[in-house]
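Visitor: The following file, data34.txt, comprises compact mmCIF, C-alpha atoms:
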```
# COMPACT_ATOMS: atom_id res chain seq x y z
CA MET A 1 0.00 0.00 0.00
CA LYS A 2 2.88 2.35 0.77
CA GLY A 3 4.43 1.70 -2.66
CA ILE A 4 1.07 2.27 -4.36
CA GLU A 5 0.52 5.48 -2.40
CA GLU A 6 3.95 6.85 -3.34
CA LEU A 7 3.11 6.38 -7.03
CA GLY A 8 0.20 8.77 -6.54
CA PHE A 9 -2.71 6.34 -7.06
CA THR A 10 -5.86 7.60 -5.35
CA SER A 11 -8.54 5.79 -7.36
CA LEU A 12 -8.70 2.78 -9.67
CA PHE A 13 -8.79 2.96 -13.44
CA PRO A 14 -11.31 0.62 -15.12
CA ILE A 15 -8.87 -2.19 -15.99
CA GLN A 16 -7.52 -2.12 -12.41
CA ALA A 17 -11.00 -2.16 -10.86
CA GLN A 18 -11.97 -5.20 -12.93
CA ALA A 19 -8.74 -7.25 -13.13
CA ILE A 20 -7.17 -7.02 -9.66
CA ILE A 21 -9.73 -9.16 -7.78
CA PRO A 22 -9.80 -12.16 -10.18
CA LEU A 23 -5.98 -12.07 -10.42
CA LEU A 24 -5.70 -11.99 -6.61
CA LYS A 25 -7.95 -15.08 -6.53
CA GLY A 26 -5.51 -16.87 -8.84
CA ASN A 27 -7.79 -16.93 -11.90
CA ASP A 28 -6.51 -16.65 -15.46
CA VAL A 29 -7.49 -13.34 -17.08
CA ILE A 30 -7.74 -11.97 -20.63
CA GLY A 31 -7.71 -8.18 -20.48
CA GLN A 32 -8.40 -5.91 -23.43
CA ALA A 33 -6.83 -2.54 -22.65
CA GLN A 34 -4.76 0.11 -24.41
CA THR A 35 -1.18 0.99 -23.49
CA GLY A 36 -1.27 3.56 -20.69
CA THR A 37 -4.60 2.57 -19.11
CA GLY A 38 -3.02 1.39 -15.86
CA LYS A 39 -2.68 -2.29 -16.70
CA THR A 40 0.84 -2.63 -15.28
CA ALA A 41 -0.59 -1.99 -11.82
CA ALA A 42 -3.58 -4.20 -12.69
CA PHE A 43 -1.33 -7.26 -13.12
CA GLY A 44 1.62 -6.05 -11.02
CA ILE A 45 -0.20 -5.57 -7.71
CA PRO A 46 -1.71 -9.09 -7.62
CA MET A 47 1.64 -10.57 -8.68
CA ILE A 48 3.44 -8.84 -5.79
CA GLU A 49 0.70 -9.95 -3.36
CA ARG A 50 0.75 -13.62 -4.45
CA LEU A 51 4.51 -14.26 -4.74
CA ASP A 52 6.88 -14.96 -1.84
CA PRO A 53 9.74 -12.45 -1.33
CA LYS A 54 11.62 -15.05 0.78
CA VAL A 55 11.96 -17.47 -2.17
CA ARG A 56 15.00 -16.45 -4.24
CA ASN A 57 13.92 -18.20 -7.49
CA VAL A 58 12.17 -16.63 -10.50
CA GLN A 59 8.45 -16.81 -9.59
CA GLY A 60 6.94 -14.17 -11.89
CA LEU A 61 7.50 -13.81 -15.65
CA ILE A 62 6.22 -10.86 -17.72
CA LEU A 63 6.67 -10.95 -21.51
CA GLU A 64 6.91 -7.62 -23.38
CA PRO A 65 7.34 -7.00 -27.13
CA THR A 66 10.06 -4.31 -26.87
CA ARG A 67 13.05 -3.46 -24.68
CA GLU A 68 11.52 -0.04 -23.89
CA LEU A 69 8.38 -1.65 -22.48
CA ALA A 70 10.42 -4.25 -20.58
CA ILE A 71 12.43 -1.47 -18.89
CA GLN A 72 9.34 0.66 -18.20
CA VAL A 73 7.26 -2.21 -16.74
CA ALA A 74 10.18 -3.45 -14.62
CA GLN A 75 10.61 0.05 -13.17
CA HIS A 76 6.90 0.26 -12.38
CA ILE A 77 6.84 -3.18 -10.67
CA ASN A 78 9.97 -2.16 -8.75
CA GLN A 79 8.22 0.95 -7.46
CA LEU A 80 5.07 -0.98 -6.52
CA SER A 81 7.11 -3.62 -4.65
CA LYS A 82 9.53 -1.11 -3.09
CA TYR A 83 8.58 -2.03 0.50
CA VAL A 84 8.07 -5.75 -0.16
CA GLY A 85 11.63 -6.60 -1.14
CA PHE A 86 11.33 -8.29 -4.53
CA HIS A 87 14.24 -8.29 -6.95
CA VAL A 88 12.78 -7.30 -10.36
CA LEU A 89 14.98 -7.75 -13.44
CA PRO A 90 14.42 -6.47 -16.99
CA VAL A 91 15.92 -8.87 -19.57
CA TYR A 92 16.25 -7.71 -23.19
CA GLY A 93 18.57 -7.74 -26.18
CA GLY A 94 21.08 -5.01 -26.93
CA GLU A 95 22.51 -5.06 -23.41
CA SER A 96 25.37 -7.17 -22.00
CA ILE A 97 24.07 -10.68 -21.37
CA GLN A 98 26.81 -11.19 -18.76
CA ASN A 99 25.30 -8.46 -16.55
CA GLN A 100 21.92 -10.18 -16.81
CA ILE A 101 23.43 -13.57 -16.00
CA ARG A 102 25.02 -12.13 -12.84
CA ALA A 103 21.71 -10.54 -11.82
CA LEU A 104 19.89 -13.85 -12.35
CA GLU A 105 22.51 -15.67 -10.27
CA ASN A 106 21.91 -13.12 -7.48
CA GLY A 107 18.30 -14.25 -7.20
CA ALA A 108 15.90 -12.27 -9.44
CA GLN A 109 12.31 -13.17 -8.49
CA ILE A 110 10.33 -11.29 -11.17
CA VAL A 111 11.71 -11.22 -14.72
CA VAL A 112 10.31 -8.76 -17.28
CA GLY A 113 11.68 -9.54 -20.69
CA THR A 114 11.50 -9.72 -24.46
CA PRO A 115 10.98 -13.22 -25.93
CA GLY A 116 14.27 -13.39 -27.87
CA ARG A 117 16.54 -12.63 -24.92
CA ILE A 118 14.54 -14.87 -22.56
CA ILE A 119 14.99 -17.79 -24.98
CA ASP A 120 18.71 -16.96 -25.17
CA HIS A 121 18.93 -17.36 -21.37
CA LEU A 122 16.85 -20.56 -21.43
CA ARG A 123 19.20 -22.13 -23.99
CA ARG A 124 22.25 -21.08 -21.97
CA LYS A 125 20.52 -22.52 -18.87
CA THR A 126 21.06 -19.19 -17.08
CA LEU A 127 17.29 -18.76 -16.54
CA ASN A 128 15.27 -21.42 -14.71
CA LEU A 129 11.48 -21.13 -15.02
CA ALA A 130 10.65 -24.27 -13.01
CA PHE A 131 9.42 -22.23 -10.00
CA VAL A 132 7.28 -19.73 -11.95
CA LYS A 133 3.79 -19.32 -10.50
CA ILE A 134 2.53 -16.36 -12.55
CA VAL A 135 3.00 -15.49 -16.25
CA VAL A 136 1.81 -12.25 -17.87
CA ILE A 137 1.75 -11.88 -21.66
CA ASP A 138 1.57 -8.11 -22.15
CA GLU A 139 0.80 -6.27 -25.42
CA ALA A 140 -0.05 -9.66 -26.95
CA ASP A 141 -1.25 -8.27 -30.29
CA ARG A 142 2.01 -6.36 -30.80
CA MET A 143 3.98 -9.45 -29.77
CA LEU A 144 2.20 -11.55 -32.40
CA ASP A 145 2.44 -8.81 -35.07
CA MET A 146 6.21 -8.78 -34.52
CA GLY A 147 6.39 -12.53 -35.22
CA PHE A 148 6.96 -13.69 -31.64
CA ILE A 149 4.19 -16.33 -31.57
CA GLU A 150 6.58 -19.32 -31.75
CA ASP A 151 8.90 -17.73 -29.17
CA VAL A 152 6.00 -17.18 -26.76
CA GLU A 153 4.80 -20.78 -27.25
CA TYR A 154 8.34 -22.07 -26.58
CA ILE A 155 8.69 -20.00 -23.38
CA LEU A 156 5.28 -21.16 -22.11
CA SER A 157 6.35 -24.78 -22.68
CA LYS A 158 9.18 -24.20 -20.14
CA VAL A 159 6.88 -22.94 -17.38
CA PRO A 160 4.93 -25.24 -14.99
CA THR A 161 1.41 -26.02 -16.25
CA ASN A 162 -0.19 -25.25 -12.88
CA ARG A 163 0.71 -21.55 -13.17
CA GLN A 164 -1.60 -18.53 -13.36
CA THR A 165 -1.58 -16.91 -16.82
CA SER A 166 -2.91 -13.51 -17.80
CA LEU A 167 -2.86 -11.87 -21.22
CA PHE A 168 -3.34 -8.18 -22.03
CA SER A 169 -3.90 -6.85 -25.52
CA ALA A 170 -5.33 -3.70 -27.16
CA THR A 171 -7.14 -5.91 -29.68
CA ILE A 172 -8.41 -9.44 -29.16
CA ASP A 173 -8.51 -11.19 -32.54
CA GLN A 174 -8.70 -14.89 -33.39
CA THR A 175 -4.89 -15.34 -33.26
CA VAL A 176 -4.80 -13.95 -29.72
CA MET A 177 -7.80 -16.11 -28.74
CA ASN A 178 -6.10 -19.23 -30.15
CA LEU A 179 -3.08 -18.52 -27.93
CA CYS A 180 -5.39 -18.10 -24.91
CA GLN A 181 -7.24 -21.34 -25.63
CA ARG A 182 -3.99 -23.31 -25.82
CA HIS A 183 -2.42 -21.92 -22.65
CA MET A 184 -5.12 -20.66 -20.27
CA ARG A 185 -7.65 -22.31 -17.96
CA LYS A 186 -11.20 -20.87 -17.96
CA PRO A 187 -9.96 -17.29 -18.28
CA GLU A 188 -12.12 -14.34 -17.23
CA LYS A 189 -12.52 -11.82 -20.05
CA ILE A 190 -12.22 -8.14 -19.11
CA LEU A 191 -12.84 -5.59 -21.85
CA VAL A 192 -11.98 -1.96 -21.20
CA SER A 193 -12.13 0.57 -24.02
CA LYS A 194 -10.16 3.79 -24.06
CA ASP A 195 -13.49 5.68 -24.25
CA GLU A 196 -13.83 5.15 -20.49
CA ILE A 197 -11.11 7.72 -19.82
CA ALA A 198 -13.20 10.81 -20.53
CA LEU A 199 -13.64 14.06 -18.66
CA THR A 200 -16.79 15.82 -19.73
CA GLN A 201 -17.00 18.80 -17.38
CA MET A 202 -13.64 20.19 -18.23
CA LYS A 203 -12.24 22.45 -20.91
CA GLN A 204 -8.85 21.10 -21.98
CA TYR A 205 -6.35 23.21 -23.92
CA TYR A 206 -2.73 22.84 -24.98
CA ILE A 207 -0.13 25.24 -26.38
CA VAL A 208 3.00 24.11 -28.24
CA VAL A 209 5.80 26.28 -26.91
CA ASN A 210 9.49 26.93 -27.33
CA PRO A 211 11.03 25.83 -23.97
CA ALA A 212 12.83 29.20 -23.76
CA ASN A 213 9.47 31.03 -23.78
CA LYS A 214 7.56 28.69 -21.49
CA PHE A 215 7.75 30.84 -18.35
CA GLU A 216 6.64 34.00 -20.20
CA ILE A 217 3.68 32.16 -21.72
CA LEU A 218 2.70 30.86 -18.28
CA CYS A 219 2.77 34.43 -16.94
CA ASP A 220 0.58 35.56 -19.86
CA ILE A 221 -1.94 32.84 -19.00
CA LEU A 222 -1.97 33.81 -15.32
CA ASN A 223 -2.40 37.50 -16.17
CA GLU A 224 -5.13 37.05 -18.77
CA LYS A 225 -7.33 34.36 -17.26
CA GLN A 226 -9.59 34.79 -14.27
CA ILE A 227 -7.80 32.21 -12.15
CA HIS A 228 -9.20 31.98 -8.62
CA LYS A 229 -7.28 28.92 -7.47
CA ALA A 230 -4.87 26.80 -9.54
CA ILE A 231 -2.35 23.97 -9.29
CA ILE A 232 0.68 24.21 -11.58
CA PHE A 233 2.38 20.83 -12.05
CA CYS A 234 6.14 20.41 -12.49
CA ARG A 235 8.19 17.24 -12.88
CA THR A 236 10.90 17.70 -10.21
CA ARG A 237 11.39 19.31 -6.80
CA GLN A 238 13.99 21.69 -8.23
CA ASP A 239 11.62 22.83 -11.01
CA THR A 240 8.86 23.34 -8.42
CA ASN A 241 11.00 25.51 -6.13
CA LYS A 242 12.41 27.53 -9.03
CA LEU A 243 9.03 28.15 -10.69
CA ALA A 244 7.33 29.21 -7.42
CA TYR A 245 10.25 31.59 -6.70
CA ASN A 246 10.13 33.13 -10.20
CA LEU A 247 6.34 33.55 -10.03
CA LYS A 248 6.70 35.39 -6.70
CA LEU A 249 9.22 37.74 -8.34
CA ARG A 250 6.54 38.51 -10.94
CA GLY A 251 4.05 39.39 -8.22
CA HIS A 252 2.07 36.15 -8.18
CA ASN A 253 1.00 34.65 -4.86
CA ALA A 254 2.57 31.18 -5.30
CA LYS A 255 3.98 28.49 -3.01
CA PRO A 256 5.75 25.20 -3.82
CA LEU A 257 4.80 21.71 -2.56
CA HIS A 258 6.93 18.61 -3.09
CA ALA A 259 8.07 15.41 -1.38
CA GLY A 260 11.00 17.23 0.25
CA PHE A 261 8.55 18.87 2.68
CA THR A 262 8.00 17.43 6.16
CA GLN A 263 4.44 16.36 6.93
CA ALA A 264 3.99 19.47 9.10
CA GLN A 265 5.21 21.76 6.27
CA ARG A 266 2.98 19.98 3.76
CA ASP A 267 -0.08 20.29 6.04
CA SER A 268 0.62 24.00 6.56
CA VAL A 269 0.90 24.74 2.81
CA VAL A 270 -2.19 22.67 1.90
CA SER A 271 -4.23 24.30 4.68
CA ALA A 272 -3.23 27.81 3.54
CA PHE A 273 -4.09 26.94 -0.07
CA ARG A 274 -7.42 25.41 0.92
CA ASN A 275 -8.31 28.52 2.94
CA GLY A 276 -7.45 30.88 0.07
CA ARG A 277 -4.38 32.53 1.61
CA PHE A 278 -2.60 32.08 -1.74
CA LYS A 279 -3.99 31.07 -5.12
CA LEU A 280 -1.18 29.29 -7.02
CA LEU A 281 0.15 25.94 -5.75
CA VAL A 282 3.23 24.76 -7.68
CA ALA A 283 3.49 21.02 -7.06
CA THR A 284 5.03 17.72 -8.10
CA ASP A 285 2.79 14.71 -8.79
CA VAL A 286 3.79 12.91 -5.58
CA ALA A 287 3.00 15.97 -3.45
CA ALA A 288 -0.41 16.48 -5.05
CA ARG A 289 -1.62 12.88 -4.75
CA GLY A 290 -4.96 12.67 -3.03
CA LEU A 291 -5.37 16.45 -2.84
CA ASP A 292 -9.10 17.12 -2.73
CA ILE A 293 -9.56 20.87 -2.49
CA GLU A 294 -12.75 22.67 -3.41
CA GLY A 295 -12.73 25.60 -5.79
CA ILE A 296 -9.70 24.76 -7.97
CA THR A 297 -10.64 26.47 -11.24
CA HIS A 298 -7.51 25.64 -13.24
CA VAL A 299 -4.79 23.02 -13.57
CA VAL A 300 -1.70 24.00 -15.57
CA ASN A 301 0.75 21.32 -16.72
CA TYR A 302 4.04 23.23 -16.87
CA ASN A 303 5.71 19.92 -17.81
CA VAL A 304 3.94 17.15 -19.73
CA PRO A 305 3.94 14.02 -17.53
CA LEU A 306 5.99 11.08 -18.86
CA ASP A 307 3.18 8.66 -17.96
CA ALA A 308 -0.06 9.44 -19.82
CA LEU A 309 -2.19 8.28 -16.88
CA VAL A 310 -0.63 10.92 -14.62
CA TYR A 311 -2.20 13.59 -16.87
CA PHE A 312 -5.68 12.37 -15.90
CA HIS A 313 -4.75 12.26 -12.21
CA ARG A 314 -3.48 15.85 -12.48
CA ILE A 315 -6.40 17.41 -14.28
CA GLY A 316 -8.81 15.53 -12.03
CA ARG A 317 -7.88 18.02 -9.31
CA THR A 318 -10.32 20.46 -10.98
CA ALA A 319 -13.91 20.01 -12.23
CA ARG A 320 -14.74 18.11 -9.05
CA MET A 321 -18.21 17.58 -7.59
CA GLY A 322 -19.87 18.41 -10.92
CA ARG A 323 -18.24 21.85 -11.27
CA ASP A 324 -16.54 23.14 -14.40
CA GLY A 325 -12.77 23.38 -14.65
CA THR A 326 -10.02 24.23 -17.12
CA ALA A 327 -6.79 22.35 -17.83
CA ILE A 328 -3.97 23.96 -19.83
CA THR A 329 -0.86 22.04 -20.89
CA LEU A 330 2.33 23.73 -22.11
CA VAL A 331 3.90 21.31 -24.57
CA SER A 332 7.58 21.92 -25.34
CA TYR A 333 8.84 20.72 -28.72
CA GLY A 334 10.53 17.74 -27.04
CA GLU A 335 7.34 16.69 -25.22
CA GLN A 336 5.08 16.14 -28.23
CA THR A 337 5.41 12.32 -28.20
CA GLU A 338 4.30 12.13 -24.55
CA PHE A 339 1.41 14.50 -25.26
CA GLY A 340 0.38 12.40 -28.27
CA ASN A 341 0.06 9.39 -25.93
CA ILE A 342 -2.28 11.44 -23.71
CA LYS A 343 -4.47 12.53 -26.64
CA ALA A 344 -4.72 8.91 -27.82
CA LEU A 345 -6.21 7.92 -24.45
CA THR A 346 -9.19 10.25 -24.36
CA LYS A 347 -12.15 10.92 -26.63
CA THR A 348 -12.74 14.33 -25.06
CA SER A 349 -11.39 17.26 -27.05
CA ILE A 350 -8.06 18.86 -26.14
CA GLU A 351 -8.06 22.09 -28.12
CA GLU A 352 -4.83 23.64 -29.41
CA LEU A 353 -4.35 27.36 -28.78
CA GLU A 354 -1.80 29.70 -30.30
CA CYS A 355 0.73 31.39 -27.99
CA ASN A 356 -0.95 34.78 -28.46
CA HIS A 357 -4.50 33.48 -27.99
CA PRO A 358 -6.65 35.71 -25.74
CA PHE A 359 -7.84 33.10 -23.27
CA ILE A 360 -11.57 32.74 -22.85
```
Please lay out the structure from this file as structure tokens.

Guide:
Amino acid sequence: MKGIEELGFTSLFPIQAQAIIPLLKGNDVIGQAQTGTGKTAAFGIPMIERLDPKVRNVQGLILEPTRELAIQVAQHINQLSKYVGFHVLPVYGGESIQNQIRALENGAQIVVGTPGRIIDHLRRKTLNLAFVKIVVIDEADRMLDMGFIEDVEYILSKVPTNRQTSLFSATIDQTVMNLCQRHMRKPEKILVSKDEIALTQMKQYYIVVNPANKFEILCDILNEKQIHKAIIFCRTRQDTNKLAYNLKLRGHNAKPLHAGFTQAQRDSVVSAFRNGRFKLLVATDVAARGLDIEGITHVVNYNVPLDALVYFHRIGRTARMGRDGTAITLVSYGEQTEFGNIKALTKTSIEELECNHPFI
């Protein structure tokens, strides 16, 4: 729970709400969900709960189609299991196999890997899957599109048959179903469309900006819009402190909030913000988790979050209890890929504004 809390989760996304319970019970699950809908936590939390941190063998195996996903999912599982004590290892091609062999010898318990490199370890006998209790096939449609079907079948043949198996895929076609029928026992089917991530009571805008002009554009927004109470999100503690300081120099009533604060300092800042003693809270994601403050009219993303889901957590701080709210995201040239992932996850409109747009 502490690991989950530190990641900023305050409520469940649809795939999490529907998949966690059957997976905790040990059932096989087929989950249809897009990338970035929270499925890593959906399969990661039950895996952490059901495996034994005292057993030093590989007990959990997660298959990913690309090295980037293997690294990303391993990091996420690591964060979730931070206070449990699991050793999570990403295994992929393009990196020294000797380093991976040493890590496996040191007792990795959850392996997140690409099929090719996992097979390489199996053939070298540096990876033993005899103690695996849980297998997750993630991004199954991409895995099959990339020609990994035979590799996946081979890997599954090396895992005990009395395991739990779950499969997650954005699309569930006949090829995916054939794989499920061959390797799963009475799986529960959970279908979650991306349409479920929608925010109807909120105006969402974005502005593509030159990073050098970002602060000036933020000041223009704050000067032109009738902002009664706003949270401005930054990525790091340093950015938060610096932005709050620079806003004060411009005459704005702003205070920072980040994980470097003691609980007493945090409570003091949140209380002052809640009571209207200042109107701009400059915060990191961790600091703002669970913040439920009435009357927040605007959320400004000064940095685009790296994880698309975090965007929805952020902007959910406004438009609460049926009220209207406005979210504005400043997208630097280098952040357009991350912002594209966010736009792909929601059917609600995120309207582009020009830098000199007179805000409504």

Visitor: Within 10 Å of A:His252, counting all atoms listed in the file, which residues qualify if same-chain residues fewer than 4 places away don't, as a list of chain:residue names?

Guide: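 The residues satisfying every condition are A:Cys219, A:Leu222, A:Asn223, A:Ala244, A:Tyr245, A:Asn246, A:Leu247, A:Lys248, A:Phe278, A:Lys279, A:Leu280.
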
Visitor: Keeping only C-alpha atoms, write the selected residues to a file as a PDB file, in the frame of the given file.

Guide:
```pdb
ATOM      1  CA  CYS A 219       2.770  34.430 -16.940  1.00  0.00           C
ATOM      2  CA  LEU A 222      -1.970  33.810 -15.320  1.00  0.00           C
ATOM      3  CA  ASN A 223      -2.400  37.500 -16.170  1.00  0.00           C
ATOM      4  CA  ALA A 244       7.330  29.210  -7.420  1.00  0.00           C
ATOM      5  CA  TYR A 245      10.250  31.590  -6.700  1.00  0.00           C
ATOM      6  CA  ASN A 246      10.130  33.130 -10.200  1.00  0.00           C
ATOM      7  CA  LEU A 247       6.340  33.550 -10.030  1.00  0.00           C
ATOM      8  CA  LYS A 248       6.700  35.390  -6.700  1.00  0.00           C
ATOM      9  CA  PHE A 278      -2.600  32.080  -1.740  1.00  0.00           C
ATOM     10  CA  LYS A 279      -3.990  31.070  -5.120  1.00  0.00           C
ATOM     11  CA  LEU A 280      -1.180  29.290  -7.020  1.00  0.00           C
TER      12      LEU A 280
END
```

Visitor: If we count all atoms listed in the file, what is near A:Glu49 at a cut-off of 9 Å, once residues fewer than 4 positions away on the same chain are taken out, given as an NGL selection string?

Guide: :A and (24 or 44-45)

Visitor: I need the chosen residues saved as a PDB file, in the frame of the given file, with C-alpha atoms.

Guide:
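Wrote selection_15.pdb, looks like this:
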```pdb
ATOM      1  CA  LEU A  24      -5.700 -11.990  -6.610  1.00  0.00           C
ATOM      2  CA  GLY A  44       1.620  -6.050 -11.020  1.00  0.00           C
ATOM      3  CA  ILE A  45      -0.200  -5.570  -7.710  1.00  0.00           C
TER       4      ILE A  45
END
```

Visitor: I need the residue nearest A:Asn162 from this list: A:Ile190, A:Lys54, A:Asn27, A:Val270. Use all atoms listed in the file for the distance.

Guide: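 The answer is A:Asn27, which sits nearest to A:Asn162.
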
Visitor: Please provide the set of residues having any atom within 12 Å of A:Gly31, restricted to only C-alpha atoms, with same-chain residues fewer than 6 positions apart removed, written as a PyMOL selection string.

Guide: chain A and resi 14-20+22-23+37-40+42-43+136-141+165-172+176-177+180+187-193

Visitor: Please produce a file of the residues just selected, as an mmCIF file, in the coordinates of the input, where the atoms kept are C-alpha atoms.

Guide:
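Okay, selection.cif is ready:
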```cif
data_model
loop_
_atom_site.group_PDB
_atom_site.id
_atom_site.type_symbol
_atom_site.label_atom_id
_atom_site.label_comp_id
_atom_site.auth_asym_id
_atom_site.auth_seq_id
_atom_site.Cartn_x
_atom_site.Cartn_y
_atom_site.Cartn_z
ATOM 1 C CA PRO A 14 -11.310 0.620 -15.120
ATOM 2 C CA ILE A 15 -8.870 -2.190 -15.990
ATOM 3 C CA GLN A 16 -7.520 -2.120 -12.410
ATOM 4 C CA ALA A 17 -11.000 -2.160 -10.860
ATOM 5 C CA GLN A 18 -11.970 -5.200 -12.930
ATOM 6 C CA ALA A 19 -8.740 -7.250 -13.130
ATOM 7 C CA ILE A 20 -7.170 -7.020 -9.660
ATOM 8 C CA PRO A 22 -9.800 -12.160 -10.180
ATOM 9 C CA LEU A 23 -5.980 -12.070 -10.420
ATOM 10 C CA THR A 37 -4.600 2.570 -19.110
ATOM 11 C CA GLY A 38 -3.020 1.390 -15.860
ATOM 12 C CA LYS A 39 -2.680 -2.290 -16.700
ATOM 13 C CA THR A 40 0.840 -2.630 -15.280
ATOM 14 C CA ALA A 42 -3.580 -4.200 -12.690
ATOM 15 C CA PHE A 43 -1.330 -7.260 -13.120
ATOM 16 C CA VAL A 136 1.810 -12.250 -17.870
ATOM 17 C CA ILE A 137 1.750 -11.880 -21.660
ATOM 18 C CA ASP A 138 1.570 -8.110 -22.150
ATOM 19 C CA GLU A 139 0.800 -6.270 -25.420
ATOM 20 C CA ALA A 140 -0.050 -9.660 -26.950
ATOM 21 C CA ASP A 141 -1.250 -8.270 -30.290
ATOM 22 C CA THR A 165 -1.580 -16.910 -16.820
ATOM 23 C CA SER A 166 -2.910 -13.510 -17.800
ATOM 24 C CA LEU A 167 -2.860 -11.870 -21.220
ATOM 25 C CA PHE A 168 -3.340 -8.180 -22.030
ATOM 26 C CA SER A 169 -3.900 -6.850 -25.520
ATOM 27 C CA ALA A 170 -5.330 -3.700 -27.160
ATOM 28 C CA THR A 171 -7.140 -5.910 -29.680
ATOM 29 C CA ILE A 172 -8.410 -9.440 -29.160
ATOM 30 C CA VAL A 176 -4.800 -13.950 -29.720
ATOM 31 C CA MET A 177 -7.800 -16.110 -28.740
ATOM 32 C CA CYS A 180 -5.390 -18.100 -24.910
ATOM 33 C CA PRO A 187 -9.960 -17.290 -18.280
ATOM 34 C CA GLU A 188 -12.120 -14.340 -17.230
ATOM 35 C CA LYS A 189 -12.520 -11.820 -20.050
ATOM 36 C CA ILE A 190 -12.220 -8.140 -19.110
ATOM 37 C CA LEU A 191 -12.840 -5.590 -21.850
ATOM 38 C CA VAL A 192 -11.980 -1.960 -21.200
ATOM 39 C CA SER A 193 -12.130 0.570 -24.020
#
```

Visitor: Between A:Leu80, A:Glu150, A:Ile101, A:Arg163, which has the minimum distance to A:Leu61 (counting all atoms listed in the file)?

Guide: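 That would be A:Arg163, the residue with the smallest distance to A:Leu61.
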
Visitor: Would you kindly identify which residues have an atom no farther than 12 Å from (8.4, -12.8, 1.4), using all atoms listed in the file and the file's own coordinates, and write them out as a list in words?

Guide: Ile48, Glu49, Arg50, Leu51, Asp52, Pro53, Lys54, Val55, Arg56, Asn57, Gln59, Ser81, Tyr83, Val84, Gly85, Phe86, His87 and Gln109 of chain A

Visitor: Measuring atom to atom with only C-alpha atoms, identify which of A:Arg142, A:Arg102, A:Lys2, A:Lys225 is nearest to A:Leu69.

Guide: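 Of A:Arg142, A:Arg102, A:Lys2, A:Lys225, the one nearest A:Leu69, counting only C-alpha atoms, is A:Arg142.
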
Visitor: If I take atom CA of A:Ile293 and atom CA of A:Phe233, how far is one from the other in Å, to one decimal?

Guide: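 Taking atom CA of A:Ile293 as the start and atom CA of A:Phe233 as the end point, the length is 15.3 Å.
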
Visitor: Do a neighbour search on A:His298 at 7 Å with all atoms listed in the file, toss out local chain neighbours closer than 3 positions, and write the hits as a PyMOL selection string.

Guide: chain A and resi 227+229-231+318+325-327

Visitor: Fewer than 4 positions away in the same chain doesn't count, so skip those; otherwise give me all residues within 10 Å of stretch 96-100 of chain A, counting only C-alpha atoms, as number ranges by chain.

Guide: A: 89-92, 104-106, 108, 117, 120-121, 126-127

Visitor: Counting all atoms listed in the file, which of A:Glu95, A:Glu354, A:Asp28, A:Glu68 gets nearest to A:Ile221?

Guide: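 The answer is A:Glu354, which sits nearest to A:Ile221.
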
Visitor: Have a look at A:Arg235, A:Lys158, A:Arg67, A:His228 and name the one nearest to A:Val310; count only C-alpha atoms.

Guide: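 Closest candidate: A:Arg235.
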